[in-house]
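The file model_29.cif comes next; it holds mmCIF, C-alpha atoms and all ligand atoms.
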```cif
data_entry
loop_
_atom_site.label_atom_id
_atom_site.label_comp_id
_atom_site.auth_asym_id
_atom_site.auth_seq_id
_atom_site.Cartn_x
_atom_site.Cartn_y
_atom_site.Cartn_z
CA MET M 1 -13.49 4.14 -27.50
CA PHE M 2 -11.16 7.08 -28.04
CA ARG M 3 -11.74 9.50 -30.90
CA ILE M 4 -9.20 12.05 -32.08
CA SER M 5 -9.42 14.56 -34.90
CA LYS M 6 -7.27 17.02 -36.78
CA ASP M 7 -8.30 19.81 -39.13
CA PHE M 8 -6.72 20.64 -42.48
CA ALA M 9 -7.41 23.53 -44.82
CA PHE M 10 -7.46 23.98 -48.58
CA SER M 11 -8.94 26.41 -51.07
CA ALA M 12 -10.62 25.32 -54.28
CA SER M 13 -13.28 26.18 -56.84
CA HIS M 14 -16.28 24.14 -57.91
CA ARG M 15 -19.61 24.24 -59.68
CA LEU M 16 -22.47 21.94 -58.68
CA ASP M 17 -24.51 20.06 -61.29
CA HIS M 18 -28.13 18.86 -60.94
CA LEU M 19 -29.29 22.15 -59.43
CA PRO M 20 -31.73 24.67 -60.88
CA SER M 21 -29.89 26.98 -63.28
CA ASP M 22 -30.60 29.95 -61.03
CA HIS M 23 -29.13 28.24 -57.93
CA GLN M 24 -26.05 30.16 -56.74
CA CYS M 25 -24.02 26.95 -56.48
CA ALA M 26 -24.61 26.10 -60.12
CA ARG M 27 -22.25 28.99 -60.88
CA LEU M 28 -18.46 28.78 -60.65
CA HIS M 29 -17.39 29.78 -57.13
CA GLY M 30 -14.85 28.88 -54.47
CA HIS M 31 -14.51 27.99 -50.81
CA ASN M 32 -11.88 27.94 -48.11
CA TYR M 33 -12.53 24.34 -47.07
CA THR M 34 -11.77 22.61 -43.78
CA VAL M 35 -11.36 18.82 -43.71
CA ARG M 36 -11.57 17.13 -40.32
CA LEU M 37 -10.17 13.60 -40.08
CA GLU M 38 -11.53 11.59 -37.15
CA LEU M 39 -9.67 8.47 -35.99
CA ALA M 40 -10.89 5.99 -33.38
CA ALA M 41 -9.41 3.15 -31.32
CA PRO M 42 -10.43 1.22 -28.19
CA PRO M 43 -8.37 1.75 -25.03
CA ASP M 44 -6.49 -1.53 -25.44
CA GLU M 45 -5.27 -0.50 -28.90
CA LEU M 46 -3.63 2.80 -27.96
CA THR M 47 0.07 3.04 -28.75
CA PRO M 48 2.50 2.78 -25.81
CA ALA M 49 2.52 6.59 -25.81
CA GLY M 50 -1.25 6.59 -25.27
CA PHE M 51 -2.13 7.73 -28.79
CA VAL M 52 -4.81 6.54 -31.22
CA ARG M 53 -2.22 7.71 -33.75
CA ASP M 54 0.38 10.45 -33.48
CA TYR M 55 -1.17 13.62 -34.98
CA GLY M 56 2.18 14.17 -36.68
CA GLU M 57 1.68 11.00 -38.71
CA LEU M 58 -1.14 12.77 -40.54
CA SER M 59 1.39 14.96 -42.34
CA ASP M 60 1.09 12.77 -45.47
CA PHE M 61 -2.59 13.71 -45.65
CA LYS M 62 -1.63 17.39 -45.57
CA LYS M 63 0.87 16.83 -48.38
CA TRP M 64 -1.78 15.00 -50.45
CA LEU M 65 -4.31 17.78 -49.84
CA ASP M 66 -1.81 20.42 -50.93
CA SER M 67 -0.83 18.56 -54.09
CA GLU M 68 -4.22 17.15 -55.16
CA LEU M 69 -6.93 19.60 -54.00
CA ASP M 70 -5.47 22.94 -52.95
CA HIS M 71 -6.08 25.66 -55.55
CA ARG M 72 -7.67 23.15 -57.92
CA HIS M 73 -11.02 23.10 -59.69
CA LEU M 74 -12.78 20.22 -57.90
CA ASN M 75 -14.98 19.29 -60.88
CA ASP M 76 -11.75 18.33 -62.67
CA VAL M 77 -10.23 16.49 -59.71
CA VAL M 78 -12.97 14.36 -58.15
CA PRO M 79 -13.76 11.55 -60.60
CA GLY M 80 -17.37 11.01 -61.62
CA ARG M 81 -19.01 12.81 -58.68
CA ASN M 82 -20.65 16.14 -58.23
CA PRO M 83 -18.24 17.88 -55.82
CA SER M 84 -20.73 18.55 -53.01
CA ALA M 85 -19.45 18.57 -49.45
CA GLU M 86 -21.05 15.15 -48.91
CA ASN M 87 -19.43 13.59 -51.98
CA LEU M 88 -16.04 15.10 -51.20
CA ALA M 89 -16.11 13.78 -47.62
CA MET M 90 -16.96 10.27 -48.87
CA TRP M 91 -14.33 10.36 -51.61
CA ILE M 92 -11.62 11.43 -49.14
CA TYR M 93 -12.72 8.67 -46.74
CA GLU M 94 -12.52 6.03 -49.47
CA ILE M 95 -8.98 7.04 -50.41
CA TRP M 96 -7.60 7.48 -46.90
CA SER M 97 -9.28 4.66 -44.97
CA GLU M 98 -6.90 2.24 -46.69
CA ARG M 99 -3.87 4.16 -45.43
CA LEU M 100 -5.33 5.05 -42.02
CA PRO M 101 -7.18 1.98 -40.69
CA GLU M 102 -8.33 3.95 -37.63
CA LEU M 103 -10.13 6.52 -39.83
CA SER M 104 -13.73 6.61 -38.55
CA ALA M 105 -15.17 9.72 -40.23
CA VAL M 106 -14.34 12.58 -42.56
CA LYS M 107 -16.04 15.93 -42.05
CA LEU M 108 -15.89 18.73 -44.55
CA SER M 109 -16.78 22.40 -44.19
CA GLU M 110 -17.32 24.82 -47.05
CA THR M 111 -18.25 27.83 -44.95
CA ALA M 112 -18.06 28.77 -41.28
CA LYS M 113 -21.66 27.62 -40.88
CA THR M 114 -21.77 24.29 -42.74
CA TRP M 115 -20.40 20.78 -42.18
CA ALA M 116 -20.99 17.48 -44.00
CA GLU M 117 -19.86 14.20 -42.45
CA TYR M 118 -19.21 10.77 -43.95
CA ARG M 119 -19.16 8.04 -41.30
CA PRO M 120 -19.62 4.54 -42.72
N1 LIG Z 1 -26.17 19.63 -48.48
C1 LIG Z 1 -25.45 20.51 -49.23
N2 LIG Z 1 -25.98 21.68 -49.56
C2 LIG Z 1 -25.26 22.57 -50.25
C3 LIG Z 1 -23.94 22.27 -50.63
C4 LIG Z 1 -23.40 20.99 -50.29
O1 LIG Z 1 -22.26 20.63 -50.64
N3 LIG Z 1 -24.19 20.15 -49.58
N4 LIG Z 1 -23.19 23.19 -51.28
C5 LIG Z 1 -23.63 24.41 -51.54
C6 LIG Z 1 -22.71 25.43 -52.13
O2 LIG Z 1 -21.60 24.83 -52.72
C7 LIG Z 1 -22.15 26.41 -51.09
O3 LIG Z 1 -21.60 25.68 -50.03
C8 LIG Z 1 -23.15 27.40 -50.61
O4 LIG Z 1 -23.73 27.04 -49.38
P1 LIG Z 1 -24.76 27.97 -48.62
O5 LIG Z 1 -24.56 27.74 -47.17
O6 LIG Z 1 -26.13 27.76 -49.15
O7 LIG Z 1 -24.29 29.40 -49.10
P2 LIG Z 1 -24.07 30.75 -48.34
O8 LIG Z 1 -22.75 30.73 -47.63
O9 LIG Z 1 -24.22 31.84 -49.32
O10 LIG Z 1 -25.25 30.73 -47.30
P3 LIG Z 1 -25.81 31.93 -46.41
O11 LIG Z 1 -26.98 31.32 -45.73
O12 LIG Z 1 -26.15 33.01 -47.36
O13 LIG Z 1 -24.73 32.31 -45.47
C9 LIG Z 1 -25.03 24.75 -51.29
N5 LIG Z 1 -25.79 23.78 -50.56
ZN ZN Z 2 -19.86 25.70 -53.12
#
```
Mind converting the file's structure to structure tokens?
Ligand SMILES: Nc1nc2c(c(=O)[nH]1)N=C([C@H](O)[C@H](O)COP(=O)(O)OP(=O)(O)OP(=O)(O)O)CN2
Ligand SMILES: [Zn+2]
Amino acid sequence: MFRISKDFAFSASHRLDHLPSDHQCARLHGHNYTVRLELAAPPDELTPAGFVRDYGELSDFKKWLDSELDHRHLNDVVPGRNPSAENLAMWIYEIWSERLPELSAVKLSETAKTWAEYRP
């Protein structure tokens, strides 16, 4: 199996519910997020060029990120879910797995030290 990935960046604010009121993440704050899309394909399904998928074909994801999430308040954007890194990764997977059948995982980073991954 081959696995490829590409990173994308956006900035957004959020506030997390269901936390103690004195938890820092219960307060309005923001992150410079990184989203990593991972795509997978077996060797016999590579394109004639030897790609799982051309990285350039992920440009629509970048456009969607810029229009839907960048410089937004995530509590207003992500329907019915607390915008934790885990929930955001799953939500992005659910939307994009229909358009990218090779999508195998979505990873999301809020800070330089943290990553959450959704891999069904
Ligand atoms: N499992 C999760 N834990 C936390 C999430 C999350 O989405 N999933 N989110 C947050 C906050 O939104 C924010 O990311 C703060 O994270 P944290 O690493 O605790 O904050 P700091 O950068 O201030 O951590 P330092 O250890 O001080 O560097 C919290 N937890
Ligand atoms: Zn946060």
task = For range 99-111 of chain M, work out the shell of residues within 12 Å, counting only C-alpha atoms and skipping chain neighbours fewer than 6 positions away, then give it as a ChimeraX atom specification.
result = /M:1-14,25,29-42,45-46,51-55,57-61,83-93,117-120
ask   = Expressed in Å to a single decimal, how great is the separation between atom O2 of ligand LIG 1 (chain Z) and CA of Glu98 in chain M?
value = 27.6 Å
inquiry  = I'd like to know which of M:Glu94, M:Arg72, M:Asp66, M:Ala26 is closest to ligand ZN 2 (chain Z), using all atoms listed in the file.
reply    = M:Ala26
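As for atom C9 of ligand LIG 1 (chain Z) and CA of Lys63 in chain M, they are spaced 27.2 Å apart.
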ask   = For ligand ZN 2 (chain Z), which of M:Lys113, M:His71, M:Lys62, M:Arg15 is the closest residue, counting only C-alpha atoms and all ligand atoms?
value = M:Arg15
As lines of an AutoDock Vina configuration file, please: the centre and edge lengths in Å, to one decimal, of an axis-aligned box enclosing every listed atom of range 30-40 of chain M with 8 Å added on each side.
```
center_x = -12.3
center_y = 17.4
center_z = -43.9
size_x = 21.2
size_y = 38.9
size_z = 37.1
```
ask   = How many Å lie between atom O4 of ligand LIG 1 (chain Z) and CA of Pro20 in chain M, rounded to one decimal?
value =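 Distance reported for this atom pair: 14.2 Å.
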key: Counting all atoms listed in the file, the option among M:Ser97, M:Asp76, M:Leu65, M:Ala116 closest to ligand LIG 1 (chain Z)   = M:Ala116
task = Compare M:Asn82, M:Trp96, M:Ser67, M:Gly50 by their minimum atom-to-atom distance to ligand ZN 2 (chain Z), counting only C-alpha atoms and all ligand atoms, and give me the closest one.
result =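 Going through M:Asn82, M:Trp96, M:Ser67, M:Gly50 one by one, the smallest distance to ligand ZN 2 (chain Z) is for M:Asn82.
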Mind writing range 58-80 of chain M to a file for me, with N, CA and C atoms, as a tab-separated table (two decimals), in the first residue's frame?
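Contents of the output file result13.tsv:
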```
chain	number	residue	atom	x	y	z
M	58	LEU	N	-5.43	18.29	-5.10
M	58	LEU	CA	-5.98	18.62	-3.79
M	58	LEU	C	-6.23	20.12	-3.64
M	59	SER	N	-6.08	20.85	-4.75
M	59	SER	CA	-6.25	22.30	-4.67
M	59	SER	C	-7.70	22.69	-4.31
M	60	ASP	N	-8.67	21.83	-4.67
M	60	ASP	CA	-10.06	22.14	-4.29
M	60	ASP	C	-10.24	22.09	-2.78
M	61	PHE	N	-9.48	21.21	-2.11
M	61	PHE	CA	-9.56	21.16	-0.65
M	61	PHE	C	-9.05	22.47	-0.06
M	62	LYS	N	-7.95	22.97	-0.62
M	62	LYS	CA	-7.39	24.25	-0.15
M	62	LYS	C	-8.40	25.39	-0.33
M	63	LYS	N	-9.08	25.38	-1.49
M	63	LYS	CA	-10.08	26.43	-1.73
M	63	LYS	C	-11.22	26.32	-0.71
M	64	TRP	N	-11.66	25.10	-0.43
M	64	TRP	CA	-12.75	24.88	0.54
M	64	TRP	C	-12.32	25.34	1.93
M	65	LEU	N	-11.08	24.99	2.32
M	65	LEU	CA	-10.57	25.39	3.62
M	65	LEU	C	-10.55	26.92	3.74
M	66	ASP	N	-10.08	27.57	2.70
M	66	ASP	CA	-10.00	29.03	2.72
M	66	ASP	C	-11.39	29.66	2.83
M	67	SER	N	-12.35	29.08	2.12
M	67	SER	CA	-13.67	29.72	2.10
M	67	SER	C	-14.53	29.33	3.31
M	68	GLU	N	-14.36	28.11	3.83
M	68	GLU	CA	-15.26	27.62	4.88
M	68	GLU	C	-14.71	27.73	6.30
M	69	LEU	N	-13.38	27.59	6.46
M	69	LEU	CA	-12.82	27.53	7.83
M	69	LEU	C	-11.86	28.67	8.16
M	70	ASP	N	-11.13	29.16	7.16
M	70	ASP	CA	-10.08	30.13	7.47
M	70	ASP	C	-10.66	31.44	8.00
M	71	HIS	N	-10.13	31.88	9.14
M	71	HIS	CA	-10.59	33.11	9.80
M	71	HIS	C	-12.09	33.08	10.10
M	72	ARG	N	-12.56	31.90	10.51
M	72	ARG	CA	-13.95	31.72	10.96
M	72	ARG	C	-13.93	31.36	12.44
M	73	HIS	N	-15.12	31.45	13.04
M	73	HIS	CA	-15.32	30.97	14.42
M	73	HIS	C	-15.89	29.55	14.30
M	74	LEU	N	-15.12	28.54	14.67
M	74	LEU	CA	-15.47	27.15	14.36
M	74	LEU	C	-16.77	26.71	15.03
M	75	ASN	N	-17.11	27.28	16.18
M	75	ASN	CA	-18.38	26.92	16.83
M	75	ASN	C	-19.58	27.28	15.95
M	76	ASP	N	-19.40	28.26	15.06
M	76	ASP	CA	-20.49	28.65	14.16
M	76	ASP	C	-20.49	27.82	12.88
M	77	VAL	N	-19.37	27.18	12.57
M	77	VAL	CA	-19.18	26.56	11.26
M	77	VAL	C	-19.42	25.06	11.29
M	78	VAL	N	-18.99	24.40	12.36
M	78	VAL	CA	-19.07	22.94	12.42
M	78	VAL	C	-20.41	22.57	13.04
M	79	PRO	N	-21.30	21.94	12.29
M	79	PRO	CA	-22.66	21.75	12.79
M	79	PRO	C	-22.77	20.68	13.88
M	80	GLY	N	-23.32	21.10	15.02
M	80	GLY	CA	-23.70	20.15	16.07
M	80	GLY	C	-22.57	19.42	16.75
```
